[in-house]
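Since the structure comes first, as structure tokens, the remarks are kept for the end.
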Amino acid sequence: MTLEPVAIGERICEGCGKPVLRNLAIYDRIFYHVYCLKRTKGRPDYYCLECSAYWSRGRLTKILLDEGASTEWFCPACGSGDLRSLRPRSTSWEW
Ligand SMILES: [Zn+2]
Ligand SMILES: [Zn+2]
């Protein structure tokens, strides 16, 4: 995990404004409680299996392969390509 270290008391949840002591979810480098993220309008597209961060598609590091024929996405925090899509194809959002 290569996110910059943040003191516990400075992790303020974007959803409820309280410090995040447990159930931390990081979405596009913004801190949330897991349950606060779920009830916000934020809809992460990907979840990094390596550093447990949530990302919208536009935030991921995009690498073009074969002269643009295919695309690989990487976590901008840890560089892992081990991303799980949270929205395969349906419009419903599964956790
Ligand atoms: Zn919260
Ligand atoms: Zn990661």
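Chain labels follow the order of the structure tokens: the first chain is A, the next B, and so on; residue numbering restarts at 1 in every chain, and ligands are counted from 1 in their shown order.
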Could you list, with a cut-off of 7 Å and counting only C-alpha atoms and all ligand atoms, the residues of chain A near ligand 2, each shown with its nearest atom pair and the distance in Å rounded to one decimal, rows sorted by chain and ascending number, as CSV?
residue,atom,partner,partner_atom_place_in_ligand_line,distance
A:Met1,CA,ligand 2,1 (Zn),6.9
A:Cys48,CA,ligand 2,1 (Zn),4.7
A:Leu49,CA,ligand 2,1 (Zn),6.7
A:Glu50,CA,ligand 2,1 (Zn),5.0
A:Cys51,CA,ligand 2,1 (Zn),4.1
A:Ser52,CA,ligand 2,1 (Zn),6.3
A:Ala53,CA,ligand 2,1 (Zn),5.9
A:Cys75,CA,ligand 2,1 (Zn),4.6
A:Pro76,CA,ligand 2,1 (Zn),6.7
A:Ala77,CA,ligand 2,1 (Zn),5.1
A:Cys78,CA,ligand 2,1 (Zn),4.2
A:Gly79,CA,ligand 2,1 (Zn),6.0
A:Ser80,CA,ligand 2,1 (Zn),5.4
Sorted by chain and rising residue number, list the residues of chain A at most 9 Å from ligand 1 (counting only C-alpha atoms and all ligand atoms), each with its closest atom pair and distance in Å to one decimal, as a tab-separated table.
residue	atom	partner	partner_atom_place_in_ligand_line	distance
A:Ile12	CA	ligand 1	1 (Zn)	7.7
A:Cys13	CA	ligand 1	1 (Zn)	4.5
A:Glu14	CA	ligand 1	1 (Zn)	6.5
A:Gly15	CA	ligand 1	1 (Zn)	4.8
A:Cys16	CA	ligand 1	1 (Zn)	4.1
A:Gly17	CA	ligand 1	1 (Zn)	6.2
A:Lys18	CA	ligand 1	1 (Zn)	5.9
A:Pro19	CA	ligand 1	1 (Zn)	7.5
A:Val20	CA	ligand 1	1 (Zn)	6.7
A:Leu24	CA	ligand 1	1 (Zn)	8.9
A:Phe31	CA	ligand 1	1 (Zn)	8.4
A:Tyr32	CA	ligand 1	1 (Zn)	5.4
A:His33	CA	ligand 1	1 (Zn)	4.4
A:Val34	CA	ligand 1	1 (Zn)	7.6
A:Tyr35	CA	ligand 1	1 (Zn)	7.0
A:Cys36	CA	ligand 1	1 (Zn)	4.7
A:Leu37	CA	ligand 1	1 (Zn)	7.5
Considering only strand (DSSP E or B) as DSSP defines it on the backbone, what residues of chain A qualify? List them as a VMD selection string. chain A and resid 12 19 24 to 27 30 to 33 46 to 48 53 to 55 61 to 65 70 to 74 83 to 85
Could you dump the residues just selected with N, CA and C atoms as a JSON list (two decimals), in the first residue's frame?
[["chain", "number", "residue", "atom", "x", "y", "z"],
["A", 12, "ILE", "N", -11.09, 12.05, 7.60],
["A", 12, "ILE", "CA", -12.46, 12.49, 7.80],
["A", 12, "ILE", "C", -13.34, 11.94, 6.68],
["A", 19, "PRO", "N", -14.47, 11.29, 11.83],
["A", 19, "PRO", "CA", -13.23, 10.55, 11.57],
["A", 19, "PRO", "C", -13.51, 9.09, 11.25],
["A", 24, "LEU", "N", -12.80, 1.63, 6.90],
["A", 24, "LEU", "CA", -12.30, 2.61, 5.95],
["A", 24, "LEU", "C", -12.47, 2.13, 4.50],
["A", 25, "ALA", "N", -13.00, 3.01, 3.69],
["A", 25, "ALA", "CA", -13.05, 2.77, 2.24],
["A", 25, "ALA", "C", -12.47, 3.99, 1.57],
["A", 26, "ILE", "N", -11.49, 3.78, 0.71],
["A", 26, "ILE", "CA", -10.87, 4.89, 0.01],
["A", 26, "ILE", "C", -11.36, 4.87, -1.43],
["A", 27, "TYR", "N", -12.04, 5.93, -1.81],
["A", 27, "TYR", "CA", -12.59, 6.01, -3.16],
["A", 27, "TYR", "C", -12.00, 7.24, -3.84],
["A", 30, "ILE", "N", -10.29, 9.62, -1.61],
["A", 30, "ILE", "CA", -11.11, 10.31, -0.61],
["A", 30, "ILE", "C", -11.58, 9.27, 0.41],
["A", 31, "PHE", "N", -11.55, 9.64, 1.67],
["A", 31, "PHE", "CA", -11.89, 8.68, 2.72],
["A", 31, "PHE", "C", -13.39, 8.62, 2.97],
["A", 32, "TYR", "N", -13.86, 7.41, 3.16],
["A", 32, "TYR", "CA", -15.26, 7.18, 3.53],
["A", 32, "TYR", "C", -15.30, 6.03, 4.53],
["A", 33, "HIS", "N", -16.40, 5.98, 5.29],
["A", 33, "HIS", "CA", -16.74, 4.72, 5.93],
["A", 33, "HIS", "C", -17.33, 3.85, 4.83],
["A", 46, "TYR", "N", -14.21, 0.21, -9.99],
["A", 46, "TYR", "CA", -13.24, -0.85, -9.75],
["A", 46, "TYR", "C", -12.79, -0.87, -8.29],
["A", 47, "TYR", "N", -12.40, -2.06, -7.87],
["A", 47, "TYR", "CA", -11.89, -2.27, -6.53],
["A", 47, "TYR", "C", -10.52, -2.92, -6.68],
["A", 48, "CYS", "N", -9.52, -2.35, -6.05],
["A", 48, "CYS", "CA", -8.17, -2.90, -6.12],
["A", 48, "CYS", "C", -8.01, -4.01, -5.09],
["A", 53, "ALA", "N", -8.53, -0.26, -2.44],
["A", 53, "ALA", "CA", -9.05, 1.06, -2.75],
["A", 53, "ALA", "C", -10.12, 0.94, -3.83],
["A", 54, "TYR", "N", -11.07, 1.86, -3.78],
["A", 54, "TYR", "CA", -12.12, 1.91, -4.80],
["A", 54, "TYR", "C", -11.79, 3.02, -5.78],
["A", 55, "TRP", "N", -12.12, 2.81, -7.04],
["A", 55, "TRP", "CA", -11.78, 3.79, -8.07],
["A", 55, "TRP", "C", -12.90, 3.94, -9.07],
["A", 61, "THR", "N", -4.98, 4.18, -13.96],
["A", 61, "THR", "CA", -3.89, 4.35, -14.89],
["A", 61, "THR", "C", -4.15, 3.44, -16.09],
["A", 62, "LYS", "N", -4.15, 4.03, -17.26],
["A", 62, "LYS", "CA", -4.51, 3.29, -18.47],
["A", 62, "LYS", "C", -3.27, 3.04, -19.30],
["A", 63, "ILE", "N", -3.05, 1.80, -19.67],
["A", 63, "ILE", "CA", -1.92, 1.45, -20.50],
["A", 63, "ILE", "C", -2.44, 0.82, -21.79],
["A", 64, "LEU", "N", -2.04, 1.38, -22.89],
["A", 64, "LEU", "CA", -2.45, 0.82, -24.18],
["A", 64, "LEU", "C", -1.44, -0.23, -24.62],
["A", 65, "LEU", "N", -1.95, -1.35, -25.05],
["A", 65, "LEU", "CA", -1.09, -2.44, -25.51],
["A", 65, "LEU", "C", -1.34, -2.68, -26.99],
["A", 70, "SER", "N", -5.56, -3.11, -27.38],
["A", 70, "SER", "CA", -6.18, -3.51, -26.12],
["A", 70, "SER", "C", -5.71, -2.57, -25.02],
["A", 71, "THR", "N", -6.46, -2.55, -23.95],
["A", 71, "THR", "CA", -6.20, -1.61, -22.86],
["A", 71, "THR", "C", -6.08, -2.37, -21.55],
["A", 72, "GLU", "N", -5.11, -1.97, -20.75],
["A", 72, "GLU", "CA", -4.99, -2.54, -19.42],
["A", 72, "GLU", "C", -5.14, -1.42, -18.42],
["A", 73, "TRP", "N", -5.79, -1.72, -17.30],
["A", 73, "TRP", "CA", -6.00, -0.70, -16.27],
["A", 73, "TRP", "C", -5.20, -1.07, -15.03],
["A", 74, "PHE", "N", -4.63, -0.06, -14.41],
["A", 74, "PHE", "CA", -3.84, -0.29, -13.21],
["A", 74, "PHE", "C", -4.26, 0.66, -12.10],
["A", 83, "LEU", "N", -7.44, -5.64, -10.51],
["A", 83, "LEU", "CA", -8.64, -4.86, -10.24],
["A", 83, "LEU", "C", -9.88, -5.68, -10.51],
["A", 84, "ARG", "N", -10.84, -5.52, -9.65],
["A", 84, "ARG", "CA", -12.10, -6.22, -9.86],
["A", 84, "ARG", "C", -13.15, -5.21, -10.28],
["A", 85, "SER", "N", -13.80, -5.47, -11.38],
["A", 85, "SER", "CA", -14.86, -4.57, -11.82],
["A", 85, "SER", "C", -16.07, -4.76, -10.94]]
Two-atom distance - CA of Asp82 in chain A, CA of Gly42 in chain A (Å):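 The value is 21.3 Å.
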Would you return as a ChimeraX atom specification the members of range 14-48 of chain A that DSSP assigns to helix (DSSP H, G or I) on this structure's backbone? /A:34-39
